[in-house]
file data-v2.json (JSON, C-alpha atoms)
[["chain", "number", "residue", "atom", "x", "y", "z"],
["A", 8, "MET", "CA", 0.61, 94.90, 80.82],
["A", 9, "LEU", "CA", 1.24, 94.62, 84.53],
["A", 10, "ALA", "CA", 2.46, 98.09, 85.48],
["A", 11, "HIS", "CA", 4.57, 98.78, 88.58],
["A", 12, "PRO", "CA", 3.21, 95.89, 90.66],
["A", 13, "ASP", "CA", 5.19, 96.91, 93.73],
["A", 14, "LEU", "CA", 4.25, 100.60, 93.64],
["A", 15, "VAL", "CA", 3.61, 100.52, 97.38],
["A", 16, "LYS", "CA", 7.38, 100.92, 97.85],
["A", 17, "VAL", "CA", 7.26, 104.38, 96.22],
["A", 18, "TRP", "CA", 7.64, 106.17, 99.55],
["A", 19, "GLY", "CA", 10.96, 104.51, 100.28],
["A", 20, "ALA", "CA", 12.42, 104.09, 103.74],
["A", 21, "ASP", "CA", 9.81, 106.41, 105.30],
["A", 22, "ARG", "CA", 7.34, 103.51, 105.26],
["A", 23, "PRO", "CA", 7.89, 100.20, 107.03],
["A", 24, "LEU", "CA", 8.39, 97.05, 104.94],
["A", 25, "PRO", "CA", 6.82, 93.74, 105.86],
["A", 26, "GLU", "CA", 9.16, 91.51, 107.80],
["A", 27, "GLY", "CA", 10.92, 88.62, 106.14],
["A", 28, "ASP", "CA", 11.59, 87.70, 102.55],
["A", 29, "LEU", "CA", 9.33, 89.71, 100.23],
["A", 30, "ARG", "CA", 9.41, 86.91, 97.66],
["A", 31, "SER", "CA", 6.68, 85.14, 99.65],
["A", 32, "TYR", "CA", 4.40, 88.06, 98.72],
["A", 33, "TYR", "CA", 5.53, 88.08, 95.10],
["A", 34, "GLU", "CA", 4.90, 84.34, 94.80],
["A", 35, "LEU", "CA", 1.17, 84.97, 95.22],
["A", 36, "ALA", "CA", 1.09, 86.65, 91.78],
["A", 37, "MET", "CA", 3.29, 84.22, 89.84],
["A", 38, "ASP", "CA", 0.64, 81.67, 88.82],
["A", 39, "GLY", "CA", -1.53, 84.42, 87.32],
["A", 40, "ILE", "CA", 1.43, 86.00, 85.56],
["A", 41, "ALA", "CA", 2.55, 82.66, 84.13],
["A", 42, "GLU", "CA", -0.95, 81.64, 83.00],
["A", 43, "SER", "CA", -1.82, 84.98, 81.41],
["A", 44, "GLN", "CA", 1.63, 85.61, 79.88],
["A", 45, "ILE", "CA", 1.00, 89.27, 80.68],
["A", 46, "ALA", "CA", 3.89, 91.60, 79.93],
["A", 47, "VAL", "CA", 5.55, 92.98, 83.05],
["A", 48, "GLU", "CA", 6.55, 96.62, 82.91],
["A", 49, "VAL", "CA", 10.06, 97.56, 83.94],
["A", 50, "SER", "CA", 9.67, 101.22, 84.83],
["A", 51, "THR", "CA", 12.40, 103.71, 85.59],
["A", 52, "ALA", "CA", 9.95, 106.01, 87.40],
["A", 53, "GLY", "CA", 10.97, 104.64, 90.79],
["A", 54, "LEU", "CA", 14.46, 106.07, 90.27],
["A", 55, "ARG", "CA", 12.86, 109.53, 90.44],
["A", 56, "LYS", "CA", 10.98, 108.70, 93.65],
["A", 57, "PRO", "CA", 12.18, 108.36, 97.25],
["A", 58, "VAL", "CA", 12.49, 104.58, 96.83],
["A", 59, "GLY", "CA", 15.29, 105.15, 94.29],
["A", 60, "GLU", "CA", 14.78, 101.81, 92.50],
["A", 61, "MET", "CA", 12.98, 100.64, 89.39],
["A", 62, "TYR", "CA", 9.67, 98.85, 89.42],
["A", 63, "PRO", "CA", 9.46, 95.97, 89.96],
["A", 64, "ALA", "CA", 12.05, 95.08, 92.55],
["A", 65, "PRO", "CA", 14.84, 92.88, 91.19],
["A", 66, "ALA", "CA", 13.58, 89.77, 93.02],
["A", 67, "PHE", "CA", 10.06, 90.29, 91.65],
["A", 68, "LEU", "CA", 11.42, 90.80, 88.13],
["A", 69, "LYS", "CA", 13.48, 87.62, 88.38],
["A", 70, "MET", "CA", 10.42, 85.64, 89.42],
["A", 71, "CYS", "CA", 8.38, 87.12, 86.55],
["A", 72, "LEU", "CA", 11.07, 86.17, 84.06],
["A", 73, "GLU", "CA", 11.23, 82.65, 85.48],
["A", 74, "ALA", "CA", 7.42, 82.48, 85.01],
["A", 75, "GLY", "CA", 7.97, 83.30, 81.32],
["A", 76, "ALA", "CA", 6.57, 86.82, 81.33],
["A", 77, "PRO", "CA", 7.66, 89.14, 78.52],
["A", 78, "VAL", "CA", 9.01, 92.55, 79.56],
["A", 79, "ALA", "CA", 7.94, 96.02, 78.47],
["A", 80, "LEU", "CA", 10.10, 99.08, 79.16],
["A", 81, "SER", "CA", 8.66, 102.35, 80.42],
["A", 82, "SER", "CA", 9.80, 105.61, 81.94],
["A", 83, "ASP", "CA", 6.23, 106.32, 83.14],
["A", 84, "ALA", "CA", 6.87, 109.94, 82.19],
["A", 85, "HIS", "CA", 4.39, 112.50, 83.41],
["A", 86, "ARG", "CA", 6.58, 115.31, 82.08],
["A", 87, "PRO", "CA", 8.22, 115.57, 78.66],
["A", 88, "GLU", "CA", 11.71, 115.76, 80.15],
["A", 89, "ASP", "CA", 11.23, 112.33, 81.77],
["A", 90, "VAL", "CA", 10.47, 110.45, 78.55],
["A", 91, "GLY", "CA", 13.09, 107.70, 78.24],
["A", 92, "SER", "CA", 14.69, 108.74, 81.52],
["A", 93, "ASP", "CA", 17.28, 106.28, 82.85],
["A", 94, "TYR", "CA", 16.74, 103.78, 80.03],
["A", 95, "GLU", "CA", 20.47, 102.98, 79.97],
["A", 96, "GLN", "CA", 20.25, 101.75, 83.55],
["A", 97, "ALA", "CA", 17.09, 99.74, 82.76],
["A", 98, "LEU", "CA", 18.73, 98.17, 79.72],
["A", 99, "GLU", "CA", 21.73, 97.16, 81.85],
["A", 100, "LEU", "CA", 19.38, 95.50, 84.35],
["A", 101, "LEU", "CA", 17.53, 93.69, 81.58],
["A", 102, "ALA", "CA", 20.77, 92.52, 79.95],
["A", 103, "ALA", "CA", 22.04, 91.24, 83.30],
["A", 104, "SER", "CA", 18.70, 89.42, 83.70],
["A", 105, "GLY", "CA", 19.07, 87.73, 80.32],
["A", 106, "VAL", "CA", 16.28, 89.67, 78.62],
["A", 107, "GLN", "CA", 16.88, 89.81, 74.87],
["A", 108, "GLU", "CA", 13.45, 90.95, 73.68],
["A", 109, "LEU", "CA", 11.04, 93.68, 74.72],
["A", 110, "CYS", "CA", 7.30, 93.53, 74.43],
["A", 111, "VAL", "CA", 6.12, 96.54, 72.42],
["A", 112, "PHE", "CA", 2.57, 97.64, 71.77],
["A", 113, "GLU", "CA", 0.99, 99.27, 68.76],
["A", 114, "ARG", "CA", -2.76, 99.80, 68.38],
["A", 115, "ARG", "CA", -3.47, 97.46, 71.29],
["A", 116, "GLU", "CA", -1.46, 94.65, 69.70],
["A", 117, "HIS", "CA", 1.81, 93.42, 71.17],
["A", 118, "ARG", "CA", 4.87, 91.86, 69.65],
["A", 119, "LEU", "CA", 8.38, 91.03, 70.79],
["A", 120, "GLU", "CA", 11.30, 93.02, 69.40],
["A", 121, "PRO", "CA", 15.03, 92.51, 70.01],
["A", 122, "VAL", "CA", 16.51, 94.81, 72.61],
["A", 123, "GLY", "CA", 18.54, 97.47, 70.84],
["A", 124, "VAL", "CA", 18.51, 100.88, 69.30],
["A", 125, "SER", "CA", 16.87, 101.57, 65.96],
["A", 126, "GLY", "CA", 16.67, 105.00, 64.41],
["A", 127, "GLY", "CA", 17.75, 106.62, 67.67],
["A", 128, "VAL", "CA", 14.85, 105.00, 69.58],
["A", 129, "VAL", "CA", 15.58, 102.54, 72.37],
["A", 130, "ARG", "CA", 13.49, 99.41, 72.06]]
call {"tool": "encode", "arguments": {"input": "data-v2.json", "output": "structure tokens"}}
result
Amino acid sequence: MLAHPDLVKVWGADRPLPEGDLRSYYELAMDGIAESQIAVEVSTAGLRKPVGEMYPAPAFLKMCLEAGAPVALSSDAHRPEDVGSDYEQALELLAASGVQELCVFERREHRLEPVGVSGGVVR
């Protein structure tokens, strides 16, 4: 799983961004993502950081989806109270992006499951 590929943005506006369209930087990773079919993590952790946005950035996520990458959902919780934090917002983003399945992992094996709620657990 490719976890928070644009983590560098974590500090938010306090750090300068490169000039121009950031998609030119994202493009450098797309061939590898497409070839490997690695799952891309959509993490809500950035909402709890100064950047105030999920990882990856919407443009990066769109490019990953266009490359055929499956998506995994994470809250990247380092504290119990953050487990599943802001999943509703993440699910709205994924729905708006056309994502209908999530990549889930169990014992180092992955599979795709429909987006939804089962037994009170968001998947």
call {"tool": "closest_residue", "arguments": {"input": "data-v2.json", "among": "A:Cys71, A:Leu98, A:Met61, A:Cys110", "to": "Glu42 (chain A)", "atoms": "only C-alpha atoms"}}
result
A:Cys71
call {"tool": "residues_around", "arguments": {"input": "data-v2.json", "residues": "Asp89 (chain A)", "least_positions_apart": "5", "cutoff": "10 Å", "atoms": "all atoms listed in the file", "output": "ChimeraX atom specification"}}
result
/A:51-52,55,82-84
call {"tool": "write_last_selection", "arguments": {"input": "data-v2.json", "atoms": "C-alpha atoms", "output": "PDB file, keeping the file's coordinate frame"}}
result
ATOM      1  CA  THR A  51      12.400 103.710  85.590  1.00  0.00           C
ATOM      2  CA  ALA A  52       9.950 106.010  87.400  1.00  0.00           C
ATOM      3  CA  ARG A  55      12.860 109.530  90.440  1.00  0.00           C
ATOM      4  CA  SER A  82       9.800 105.610  81.940  1.00  0.00           C
ATOM      5  CA  ASP A  83       6.230 106.320  83.140  1.00  0.00           C
ATOM      6  CA  ALA A  84       6.870 109.940  82.190  1.00  0.00           C
TER       7      ALA A  84
END
call {"tool": "atom_distance", "arguments": {"input": "data-v2.json", "atom1": "CA of Tyr33 (chain A)", "atom2": "CA of Ala66 (chain A)"}}
result
8.5 Å
call {"tool": "atom_distance", "arguments": {"input": "data-v2.json", "atom1": "CA of Leu14 (chain A)", "atom2": "CA of Arg118 (chain A)"}}
result
25.5 Å
call {"tool": "closest_residue", "arguments": {"input": "data-v2.json", "among": "A:Ala97, A:Val17, A:Leu9, A:Ala103", "to": "Gly59 (chain A)", "atoms": "only C-alpha atoms"}}
result
A:Val17
call {"tool": "atom_distance", "arguments": {"input": "data-v2.json", "atom1": "CA of Met37 (chain A)", "atom2": "CA of Val122 (chain A)"}}
result
24.2 Å
call {"tool": "closest_residue", "arguments": {"input": "data-v2.json", "among": "A:Gly105, A:Leu29, A:Ala20, A:Phe112", "to": "Ala46 (chain A)", "atoms": "all atoms listed in the file"}}
result
A:Phe112
call {"tool": "residues_near_point", "arguments": {"input": "data-v2.json", "point": "(6.2, 89.9, 79.9)", "cutoff": "8 Å", "atoms": "only C-alpha atoms", "output": "list in words"}}
result
Met8, Gln44, Ile45, Ala46, Val47, Glu48, Cys71, Leu72, Gly75, Ala76, Pro77, Val78, Ala79 and Cys110 of chain A
call {"tool": "residues_around", "arguments": {"input": "data-v2.json", "residues": "Lys69 (chain A)", "least_positions_apart": "4", "cutoff": "8 Å", "atoms": "only C-alpha atoms", "output": "list in words"}}
result
Pro65, Glu73 and Ser104 of chain A
call {"tool": "closest_residue", "arguments": {"input": "data-v2.json", "among": "A:Glu26, A:Arg114, A:Ala41, A:Pro121", "to": "Ala102 (chain A)", "atoms": "all atoms listed in the file"}}
result
A:Pro121
call {"tool": "residues_near_point", "arguments": {"input": "data-v2.json", "point": "(16.0, 93.8, 73.7)", "cutoff": "7 Å", "atoms": "only C-alpha atoms", "output": "list of chain:residue names"}}
result
A:Val106, A:Gln107, A:Glu108, A:Leu109, A:Glu120, A:Pro121, A:Val122, A:Gly123, A:Arg130
call {"tool": "closest_residue", "arguments": {"input": "data-v2.json", "among": "A:Leu68, A:Leu80, A:Leu100, A:Val90", "to": "Glu34 (chain A)", "atoms": "only C-alpha atoms"}}
result
A:Leu68
call {"tool": "closest_residue", "arguments": {"input": "data-v2.json", "among": "A:Gly39, A:Pro12, A:Gly27, A:Gly53", "to": "Asp93 (chain A)", "atoms": "all atoms listed in the file"}}
result
A:Gly53
